[in-house]
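Data first, discussion second: the structure below is written as structure tokens.
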Amino acid sequence: MKMTHFFGFRTSHAFLALMASVLLLAGCGGESTEQLPNTSGNDTTVSYSGPAPETNDVLNFKRSVWDNLATQDKCGACHNDGGQSPQFVHENNINTAYSEANTIVNLADPSQSEMVTKVAGGHNCWLSSTTACADILTTYLVNWAGGSEGSAKTVELRAPDIRDVGDTLAFPEDSSDFAATIYPTLTTYCSECHSSNGQTPYIASADVDLAYEQAKSRIDLNDLPGDGEPLIMPDDASSRLVQRLWDDNHNCWGDSCPDSATTMLENIQEFIARLGQPEPVSGELVTSKALNLENDGLLANSGGRFEDNVIALYEFKTGEGQTAFDTSGVSPALDMTLTGNVAWVGGWGVEFGPETDDGEGGMVRAGKAQGSTDDSRKLHTLLTASGEYSLEAWVVPGNVVQEDARIVTYSGSSTARNLTLGQNQQLYEVLHRSTTSDENTAFATENNPMLLQATLQHVVVNYSPDTGRQIFVNGQPTGDVDPDAPGLLTDWEDNFALVFGNETDGNSPWEGTLRMVAIHNRALTPEQVQANYDVGVGQKFFLLFSVSHLIDGMDQSFIVFEVSQFDSFGYLFSNPFYIDLDEEASPSNVPLKGMRIGINGREPVVGQAFANLDVSLGSDYEAGSGQQLSELGTVIGLEQGPGIDEFFLTFEQLGGNEDVRTEGNLPAQPAPEDLDPVSVIGLKTFEEINASMSKMTGIPVTDQGVSETYNTVRQQLPTVPDINGFLASHQMGITQLAFQYCDALVENPTARTAFFSPAVDFDAEVATAFNDTNRPNVITPLIEKLVGDNIDDQPTTASVEGELDQLIDTLTLCPDGCDSSRTKTVIKASCAAVLGSAVTLIQ
């Protein structure tokens, strides 16, 4: 069932046309021998000197697939001439290799090719991650199919295995059962690597609660025997903690991995036994059939991304370990090593944290991911050759106050770089080296000084000799104009390293999450930037919930959700639609009301965005495309992990099946609580403080120095008029702003003459400027214009004069004598002391 309607799918005929051209050309071409270079860039190359490619498609196969797989470290050791079938890297005849490859590929959906799925299952992966190998193979096949032009791929809906909602267990909130069963084995044998200051997952952390949270997704509560059945054996267990020992021989103890795996399984089963009996789903519920995200979901990551010129790509799919793999398929792979406070994020991502206590008396360094200088050299080679680039990233800043924080950098130190994307509070900053720009002068998103937010954002940095630097956020240009003329990248250094989340020296940490990073050796067009933003990020699935048993005469009926793991704590369900996979079938006025999402045998209380749904199936139904039910999305809390959690739908009514629900009585309302007294004094907000200071000093808010300072400190200033929310950082921001206003006042001859007495000599020595005669000429205007008449409960004029006298006496004590410039400094400080006081701040 191919979707061609409003759900964002398009049926592409490009592949059919491609194959037709291949068939027409298959009989053409001779048997001449041609020496063809290996274009993979691998150090271990295979020289080809067999017959020439018979068609352009065979040549494209060689460039995209054969060149990359024919080496001994990948497939060339087995699937070569005289080796095992299929001989898709046949080294003596590229046309034979092409024919053999066509038996194990699906160019319409490369990720589902047998070549990919077999490696994804563990067959001869040349990396430590089968996911990374599968992604790289998929990239090779996409490039062969010509599928990287950004056209959306067809998604074929297929019926999943139909099964009833099962009886389920849930993890207890308390970690005591875990601590008594599984945890001792983990701390005994796994703490050398998986403690808090080691590598993720922190399943052997000294903090048992942290270890429990990290271990949950690696424990399958279904790893328990049925009634009267023998114990499940390690080779049948689904828990990742067991599989790592049994299947991967990972860090086994004693003399036997099977014995280690058996011990771990026994610990897990002892933990499960403490949870009691599984609870069956209520028989009163009207339910769909059940699904699991990883086992039953159809991969729905849409095409449409522009990746023709990607030379390094990080999607962070691995989910564990210390390596973020470059899956661009461009050799050499620029893999990144994770160190310090780094954690994998569910749904694809890596989180970088600050330096922190490891709970064991030591410190965990701030997080960082870094590639080697040798592998990073491909960036220098390919970007200096093109003279342009796009740096694309999906980022989630951890906060909006961090400064000098490196998100992505290709550099050698904190002061030597080729390219850097960084954060400075609420600004994205770009620094880069060219023949016309200084590598340490930032180009920032100053046109919108609060553009950076602590939420998921798509950021693209473009550079070309025509336009210079451009920044795009969430698909749109920021409007900032590069102050430097476009130049060349010929001055780039080739011995720098690519780093995420920090600088090479570890002194510019960034707190936040990276969900994807791509480096292109061509600048993306605005249309391509928008398209890549529209595609989104992260792993997405279609879940087809069977409801055929609830609708008479509709034997292939499903309600379909687009589902993704939102983060490490929840799933995002969105855009539900109804469809029958039989294109001849069509529903007729089938009522659907009150749809809810269930997980592990129960309905969560929160996240039920579709509980008020009331539609009739058939009114807007289109055969082959279905009927959209809602444009809403909702988040359902993650419990055991995407490989274990079981989902189902419930309905108040679907077809002739009803579950009449009545709302219970509201609980009795508690008596109003006596709260602490609330202050009647209010604070001015940051806009009001700025306006007040401008009014009192006569300096406009548009003054350059004032405007720059205000934009810098505004996030430190009060945002609500509640005096209980006043913080030390607020006072610091107010003081900085007050001093900037007073500095502008004293340095402007016209403004200071209007404010102070004309008798004040700003260039006089302090002894003269602040003698008994002249001192009142400074103090009196400050009190009259910044304080005003006495206000109830405020200091008297005499007390304010006394404070200013004492301040001036202190500031004019110079052991070696004060120069004349000291006079202006003392007046500025006296002005700022009054202007930044509570008299300005209080409403």
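Every chain in the structure tokens takes a letter, A first, then B, and so on in the order presented; its residues are numbered from 1, and the ligands are numbered from 1 following the presented order.
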Residues flagged helix (DSSP H, G or I) by DSSP in segment 166-308 of chain A, as a PyMOL selection string
chain A and resi 176-181+183-189+191-194+208-216+234-236+240-246+257-273+293-296
At a cut-off of 7 Å, using only C-alpha atoms, what residues contact segment 609-621 of chain A? Leave out same-chain residues fewer than 2 positions from it and give the result as an MDAnalysis selection string.
chainID A and resid 586:596 607 623 626:627 634
Residues of segment 511-720 of chain A in strand (DSSP E or B) according to DSSP, as JSON, numbers by chain?
{"A": [512, 513, 514, 515, 516, 517, 518, 519, 520, 540, 541, 542, 543, 544, 545, 546, 557, 558, 559, 560, 561, 562, 563, 564, 565, 566, 567, 570, 571, 572, 573, 574, 575, 576, 577, 578, 579, 580, 590, 591, 592, 593, 594, 595, 596, 597, 598, 599, 602, 614, 615, 616, 617, 622, 626, 627, 628, 633, 634, 635, 636, 637, 646, 647, 648, 649, 650, 651, 652, 653, 654, 657, 658, 682, 683]}
Could you give me, as a ChimeraX atom specification, the residues within 9 Å of Asp223 of chain A, counting only C-alpha atoms and dropping anything in the same chain fewer than 5 positions from it?
/A:232,236-239,265,268-269,272
Hey, can you spit out that residue selection with N, CA, C and O atoms as a compact mmCIF listing (two decimals), in the first residue's frame?
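part.txt, written as the output of this step:
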# COMPACT_ATOMS: atom_id res chain seq x y z
N ILE A 232 13.86 -19.49 31.21
CA ILE A 232 14.38 -18.98 29.94
C ILE A 232 15.90 -19.07 29.99
O ILE A 232 16.54 -18.76 31.00
N ASP A 236 17.87 -17.08 24.73
CA ASP A 236 16.51 -16.65 24.40
C ASP A 236 16.13 -15.34 25.08
O ASP A 236 15.05 -14.81 24.84
N ALA A 237 16.98 -14.84 25.96
CA ALA A 237 16.64 -13.65 26.74
C ALA A 237 16.69 -12.40 25.87
O ALA A 237 17.49 -12.28 24.95
N SER A 238 15.81 -11.46 26.21
CA SER A 238 15.74 -10.20 25.46
C SER A 238 16.44 -9.06 26.18
O SER A 238 16.65 -8.01 25.58
N SER A 239 16.76 -9.23 27.45
CA SER A 239 17.41 -8.15 28.20
C SER A 239 18.79 -7.87 27.62
O SER A 239 19.60 -8.79 27.43
N LEU A 265 21.10 -13.30 33.96
CA LEU A 265 19.69 -13.64 33.74
C LEU A 265 19.02 -14.06 35.04
O LEU A 265 17.88 -13.67 35.31
N ILE A 268 18.20 -11.01 36.99
CA ILE A 268 17.05 -10.31 36.41
C ILE A 268 15.75 -11.04 36.76
O ILE A 268 14.74 -10.41 37.11
N GLN A 269 15.76 -12.36 36.67
CA GLN A 269 14.54 -13.11 36.98
C GLN A 269 14.19 -13.03 38.45
O GLN A 269 13.01 -13.03 38.83
N ILE A 272 12.48 -9.73 38.69
CA ILE A 272 11.12 -9.81 38.14
C ILE A 272 10.19 -10.52 39.12
O ILE A 272 9.02 -10.12 39.30
Mind checking which residues fall within 10 Å of Asp135 of chain A, counting only C-alpha atoms, ignoring those fewer than 3 positions away in the same chain, and posting them as a PDB file with all heavy atoms, in the first residue's frame?
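Just written: part_26.pdb:
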ATOM      1  N   PRO A 110      16.414   1.667  -0.005  1.00  0.00           N
ATOM      2  CA  PRO A 110      17.737   1.097   0.266  1.00  0.00           C
ATOM      3  C   PRO A 110      17.915   0.538   1.669  1.00  0.00           C
ATOM      4  O   PRO A 110      18.600  -0.465   1.858  1.00  0.00           O
ATOM      5  CB  PRO A 110      18.683   2.273   0.003  1.00  0.00           C
ATOM      6  CG  PRO A 110      17.963   3.103  -1.010  1.00  0.00           C
ATOM      7  CD  PRO A 110      16.514   3.013  -0.620  1.00  0.00           C
ATOM      8  N   SER A 111      17.294   1.155   2.667  1.00  0.00           N
ATOM      9  CA  SER A 111      17.501   0.690   4.038  1.00  0.00           C
ATOM     10  C   SER A 111      16.942  -0.704   4.267  1.00  0.00           C
ATOM     11  O   SER A 111      17.318  -1.383   5.232  1.00  0.00           O
ATOM     12  CB  SER A 111      16.866   1.672   5.029  1.00  0.00           C
ATOM     13  OG  SER A 111      15.457   1.681   4.898  1.00  0.00           O
ATOM     14  N   VAL A 116      21.827  -4.545   3.555  1.00  0.00           N
ATOM     15  CA  VAL A 116      21.824  -3.704   4.749  1.00  0.00           C
ATOM     16  C   VAL A 116      21.315  -4.471   5.959  1.00  0.00           C
ATOM     17  O   VAL A 116      21.934  -4.457   7.034  1.00  0.00           O
ATOM     18  CB  VAL A 116      20.971  -2.440   4.514  1.00  0.00           C
ATOM     19  CG1 VAL A 116      20.882  -1.610   5.792  1.00  0.00           C
ATOM     20  CG2 VAL A 116      21.543  -1.606   3.377  1.00  0.00           C
ATOM     21  N   VAL A 119      23.796  -6.990   7.507  1.00  0.00           N
ATOM     22  CA  VAL A 119      24.850  -6.356   8.305  1.00  0.00           C
ATOM     23  C   VAL A 119      24.261  -5.790   9.590  1.00  0.00           C
ATOM     24  O   VAL A 119      24.874  -5.871  10.662  1.00  0.00           O
ATOM     25  CB  VAL A 119      25.555  -5.266   7.476  1.00  0.00           C
ATOM     26  CG1 VAL A 119      26.483  -4.441   8.360  1.00  0.00           C
ATOM     27  CG2 VAL A 119      26.349  -5.895   6.345  1.00  0.00           C
ATOM     28  N   ALA A 120      23.040  -5.233   9.508  1.00  0.00           N
ATOM     29  CA  ALA A 120      22.385  -4.707  10.711  1.00  0.00           C
ATOM     30  C   ALA A 120      22.151  -5.810  11.730  1.00  0.00           C
ATOM     31  O   ALA A 120      22.105  -5.557  12.941  1.00  0.00           O
ATOM     32  CB  ALA A 120      21.059  -4.049  10.337  1.00  0.00           C
ATOM     33  N   THR A 130      26.694  -2.003  14.701  1.00  0.00           N
ATOM     34  CA  THR A 130      26.000  -2.486  13.501  1.00  0.00           C
ATOM     35  C   THR A 130      25.091  -1.410  12.929  1.00  0.00           C
ATOM     36  O   THR A 130      24.872  -1.357  11.716  1.00  0.00           O
ATOM     37  CB  THR A 130      25.180  -3.742  13.824  1.00  0.00           C
ATOM     38  OG1 THR A 130      24.280  -3.452  14.908  1.00  0.00           O
ATOM     39  CG2 THR A 130      26.079  -4.891  14.237  1.00  0.00           C
ATOM     40  N   THR A 131      24.569  -0.540  13.785  1.00  0.00           N
ATOM     41  CA  THR A 131      23.727   0.569  13.306  1.00  0.00           C
ATOM     42  C   THR A 131      24.518   1.477  12.379  1.00  0.00           C
ATOM     43  O   THR A 131      24.030   1.889  11.318  1.00  0.00           O
ATOM     44  CB  THR A 131      23.181   1.378  14.494  1.00  0.00           C
ATOM     45  OG1 THR A 131      22.394   0.535  15.324  1.00  0.00           O
ATOM     46  CG2 THR A 131      22.316   2.539  14.006  1.00  0.00           C
ATOM     47  N   ALA A 132      25.756   1.803  12.783  1.00  0.00           N
ATOM     48  CA  ALA A 132      26.586   2.678  11.952  1.00  0.00           C
ATOM     49  C   ALA A 132      26.921   2.005  10.624  1.00  0.00           C
ATOM     50  O   ALA A 132      26.876   2.648   9.569  1.00  0.00           O
ATOM     51  CB  ALA A 132      27.866   3.047  12.697  1.00  0.00           C
ATOM     52  N   THR A 138      23.551   2.001   3.679  1.00  0.00           N
ATOM     53  CA  THR A 138      22.371   2.659   3.108  1.00  0.00           C
ATOM     54  C   THR A 138      22.772   3.897   2.322  1.00  0.00           C
ATOM     55  O   THR A 138      22.241   4.158   1.235  1.00  0.00           O
ATOM     56  CB  THR A 138      21.386   3.034   4.229  1.00  0.00           C
ATOM     57  OG1 THR A 138      20.982   1.854   4.932  1.00  0.00           O
ATOM     58  CG2 THR A 138      20.158   3.727   3.665  1.00  0.00           C
ATOM     59  N   THR A 139      23.731   4.654   2.839  1.00  0.00           N
ATOM     60  CA  THR A 139      24.212   5.844   2.131  1.00  0.00           C
ATOM     61  C   THR A 139      24.817   5.466   0.784  1.00  0.00           C
ATOM     62  O   THR A 139      24.560   6.120  -0.232  1.00  0.00           O
ATOM     63  CB  THR A 139      25.251   6.588   2.982  1.00  0.00           C
ATOM     64  OG1 THR A 139      24.647   7.012   4.203  1.00  0.00           O
ATOM     65  CG2 THR A 139      25.793   7.804   2.236  1.00  0.00           C
ATOM     66  N   TYR A 140      25.627   4.387   0.765  1.00  0.00           N
ATOM     67  CA  TYR A 140      26.210   3.945  -0.500  1.00  0.00           C
ATOM     68  C   TYR A 140      25.117   3.608  -1.515  1.00  0.00           C
ATOM     69  O   TYR A 140      25.201   3.984  -2.695  1.00  0.00           O
ATOM     70  CB  TYR A 140      27.080   2.702  -0.276  1.00  0.00           C
ATOM     71  CG  TYR A 140      28.297   2.904   0.587  1.00  0.00           C
ATOM     72  CD1 TYR A 140      28.911   1.819   1.216  1.00  0.00           C
ATOM     73  CD2 TYR A 140      28.865   4.161   0.779  1.00  0.00           C
ATOM     74  CE1 TYR A 140      30.039   1.974   2.002  1.00  0.00           C
ATOM     75  CE2 TYR A 140      29.986   4.326   1.572  1.00  0.00           C
ATOM     76  CZ  TYR A 140      30.567   3.230   2.182  1.00  0.00           C
ATOM     77  OH  TYR A 140      31.677   3.394   2.968  1.00  0.00           O
ATOM     78  N   LEU A 141      24.086   2.894  -1.068  1.00  0.00           N
ATOM     79  CA  LEU A 141      23.018   2.478  -1.983  1.00  0.00           C
ATOM     80  C   LEU A 141      22.168   3.661  -2.427  1.00  0.00           C
ATOM     81  O   LEU A 141      21.728   3.721  -3.585  1.00  0.00           O
ATOM     82  CB  LEU A 141      22.143   1.420  -1.309  1.00  0.00           C
ATOM     83  CG  LEU A 141      22.844   0.100  -0.944  1.00  0.00           C
ATOM     84  CD1 LEU A 141      21.854  -0.865  -0.324  1.00  0.00           C
ATOM     85  CD2 LEU A 141      23.509  -0.526  -2.167  1.00  0.00           C
ATOM     86  N   GLU A 315      24.275  11.252  13.159  1.00  0.00           N
ATOM     87  CA  GLU A 315      22.868  11.156  13.567  1.00  0.00           C
ATOM     88  C   GLU A 315      22.722  10.559  14.960  1.00  0.00           C
ATOM     89  O   GLU A 315      21.615  10.481  15.474  1.00  0.00           O
ATOM     90  CB  GLU A 315      22.085  10.329  12.546  1.00  0.00           C
ATOM     91  CG  GLU A 315      22.025  10.981  11.172  1.00  0.00           C
ATOM     92  CD  GLU A 315      21.246  10.164  10.172  1.00  0.00           C
ATOM     93  OE1 GLU A 315      21.777   9.146   9.692  1.00  0.00           O
ATOM     94  OE2 GLU A 315      20.098  10.553   9.871  1.00  0.00           O
ATOM     95  N   LYS A 317      22.840   7.585  16.344  1.00  0.00           N
ATOM     96  CA  LYS A 317      21.892   6.486  16.469  1.00  0.00           C
ATOM     97  C   LYS A 317      22.367   5.376  17.404  1.00  0.00           C
ATOM     98  O   LYS A 317      21.565   4.573  17.867  1.00  0.00           O
ATOM     99  CB  LYS A 317      21.617   5.872  15.090  1.00  0.00           C
ATOM    100  CG  LYS A 317      20.931   6.800  14.104  1.00  0.00           C
ATOM    101  CD  LYS A 317      20.682   6.064  12.798  1.00  0.00           C
ATOM    102  CE  LYS A 317      20.010   6.951  11.762  1.00  0.00           C
ATOM    103  NZ  LYS A 317      19.763   6.211  10.504  1.00  0.00           N
ATOM    104  N   PHE A 325      29.556   7.890  15.374  1.00  0.00           N
ATOM    105  CA  PHE A 325      30.070   7.499  14.071  1.00  0.00           C
ATOM    106  C   PHE A 325      29.684   8.499  12.981  1.00  0.00           C
ATOM    107  O   PHE A 325      28.560   9.010  12.941  1.00  0.00           O
ATOM    108  CB  PHE A 325      29.552   6.113  13.696  1.00  0.00           C
ATOM    109  CG  PHE A 325      30.120   5.013  14.539  1.00  0.00           C
ATOM    110  CD1 PHE A 325      29.415   4.513  15.622  1.00  0.00           C
ATOM    111  CD2 PHE A 325      31.373   4.490  14.266  1.00  0.00           C
ATOM    112  CE1 PHE A 325      29.939   3.502  16.412  1.00  0.00           C
ATOM    113  CE2 PHE A 325      31.910   3.477  15.049  1.00  0.00           C
ATOM    114  CZ  PHE A 325      31.188   2.985  16.127  1.00  0.00           C
ATOM    115  N   ASP A 326      30.642   8.747  12.103  1.00  0.00           N
ATOM    116  CA  ASP A 326      30.412   9.514  10.874  1.00  0.00           C
ATOM    117  C   ASP A 326      29.844   8.551   9.841  1.00  0.00           C
ATOM    118  O   ASP A 326      30.533   7.648   9.376  1.00  0.00           O
ATOM    119  CB  ASP A 326      31.737  10.113  10.398  1.00  0.00           C
ATOM    120  CG  ASP A 326      31.664  10.721   9.002  1.00  0.00           C
ATOM    121  OD1 ASP A 326      30.544  10.914   8.480  1.00  0.00           O
ATOM    122  OD2 ASP A 326      32.737  10.990   8.430  1.00  0.00           O
ATOM    123  N   THR A 327      28.577   8.733   9.481  1.00  0.00           N
ATOM    124  CA  THR A 327      27.919   7.810   8.548  1.00  0.00           C
ATOM    125  C   THR A 327      27.689   8.453   7.184  1.00  0.00           C
ATOM    126  O   THR A 327      26.782   8.059   6.455  1.00  0.00           O
ATOM    127  CB  THR A 327      26.584   7.323   9.127  1.00  0.00           C
ATOM    128  OG1 THR A 327      25.736   8.452   9.421  1.00  0.00           O
ATOM    129  CG2 THR A 327      26.811   6.538  10.407  1.00  0.00           C
ATOM    130  N   SER A 328      28.506   9.450   6.839  1.00  0.00           N
ATOM    131  CA  SER A 328      28.366  10.111   5.538  1.00  0.00           C
ATOM    132  C   SER A 328      28.751   9.192   4.396  1.00  0.00           C
ATOM    133  O   SER A 328      28.340   9.411   3.255  1.00  0.00           O
ATOM    134  CB  SER A 328      29.237  11.373   5.494  1.00  0.00           C
ATOM    135  OG  SER A 328      30.620  11.028   5.573  1.00  0.00           O
ATOM    136  N   GLY A 329      29.587   8.175   4.668  1.00  0.00           N
ATOM    137  CA  GLY A 329      30.086   7.315   3.610  1.00  0.00           C
ATOM    138  C   GLY A 329      31.273   7.893   2.870  1.00  0.00           C
ATOM    139  O   GLY A 329      31.792   7.276   1.938  1.00  0.00           O
TER     140      GLY A 329
END
Might you pull out every residue within 9 Å of segment 207-219 of chain A, with only C-alpha atoms counted and same-chain residues fewer than 5 positions away left off, and present them as JSON, numbers by chain?
{"A": [171, 174, 175, 176, 178, 179, 183, 195, 196, 200, 201, 202, 238, 239, 240, 241, 242, 268, 359, 639, 640, 641, 642, 643, 644]}
Shell of 12 Å around Ser434 of chain A, only C-alpha atoms, local chain residues under 6 positions omitted, as a PyMOL selection string
chain A and resi 383-384+387-388+417-419+440-441+463-465+468-469+484-493
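Excluding segment 335-350 of chain A itself and any same-chain residue fewer than 3 positions from it, the protein and nucleic acid residues within 6 Å of it, counting only C-alpha atoms, are Phe316, Lys317, Gly319, Gln322, Thr323, Ala324, Phe325, Asp326, Gly353, Val364, Arg365, Ala366, Gly367, Lys368, Ala369, Gln370, Gly371, Thr513, Leu514, Arg515, Gly538, Gln539, Gln565, Asp567 and Ser568 of chain A.
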Could you save the residues just selected, with C-alpha atoms, as an mmCIF file, in the first residue's frame?
data_model
loop_
_atom_site.group_PDB
_atom_site.id
_atom_site.type_symbol
_atom_site.label_atom_id
_atom_site.label_comp_id
_atom_site.auth_asym_id
_atom_site.auth_seq_id
_atom_site.Cartn_x
_atom_site.Cartn_y
_atom_site.Cartn_z
ATOM 1 C CA PHE A 316 23.855 9.695 16.958
ATOM 2 C CA LYS A 317 21.892 6.486 16.469
ATOM 3 C CA GLY A 319 22.778 4.931 21.773
ATOM 4 C CA GLN A 322 32.154 6.081 23.447
ATOM 5 C CA THR A 323 31.986 6.684 19.687
ATOM 6 C CA ALA A 324 29.701 8.894 17.586
ATOM 7 C CA PHE A 325 30.070 7.499 14.071
ATOM 8 C CA ASP A 326 30.412 9.514 10.874
ATOM 9 C CA GLY A 353 27.107 18.296 30.579
ATOM 10 C CA VAL A 364 33.977 14.120 35.802
ATOM 11 C CA ARG A 365 35.272 16.542 33.178
ATOM 12 C CA ALA A 366 32.895 18.599 31.059
ATOM 13 C CA GLY A 367 31.613 16.644 28.069
ATOM 14 C CA LYS A 368 33.332 16.631 24.692
ATOM 15 C CA ALA A 369 33.380 14.674 21.432
ATOM 16 C CA GLN A 370 36.542 14.910 19.339
ATOM 17 C CA GLY A 371 37.801 13.417 16.093
ATOM 18 C CA THR A 513 22.195 18.257 23.304
ATOM 19 C CA LEU A 514 23.151 17.598 19.697
ATOM 20 C CA ARG A 515 20.544 15.622 17.725
ATOM 21 C CA GLY A 538 15.305 11.819 14.994
ATOM 22 C CA GLN A 539 13.966 8.353 14.388
ATOM 23 C CA GLN A 565 11.060 8.649 20.923
ATOM 24 C CA ASP A 567 13.697 12.101 24.424
ATOM 25 C CA SER A 568 14.962 9.751 27.121
#
What does the structure give for the distance between atom CA of Pro749 of chain A and atom CA of Lys695 of chain A, in Å to one decimal?
17.6 Å
Can you tell me how far atom CA of Gly398 of chain A sits from atom CA of Leu524 of chain A, in Å to one decimal?
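Between atom CA of Gly398 of chain A and atom CA of Leu524 of chain A the gap works out to 27.2 Å.
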So, with only C-alpha atoms as the atoms that count, which of A:Asn600, A:Asn68, A:Thr96, A:Ser820 lies closest to Leu649 of chain A?
A:Asn600
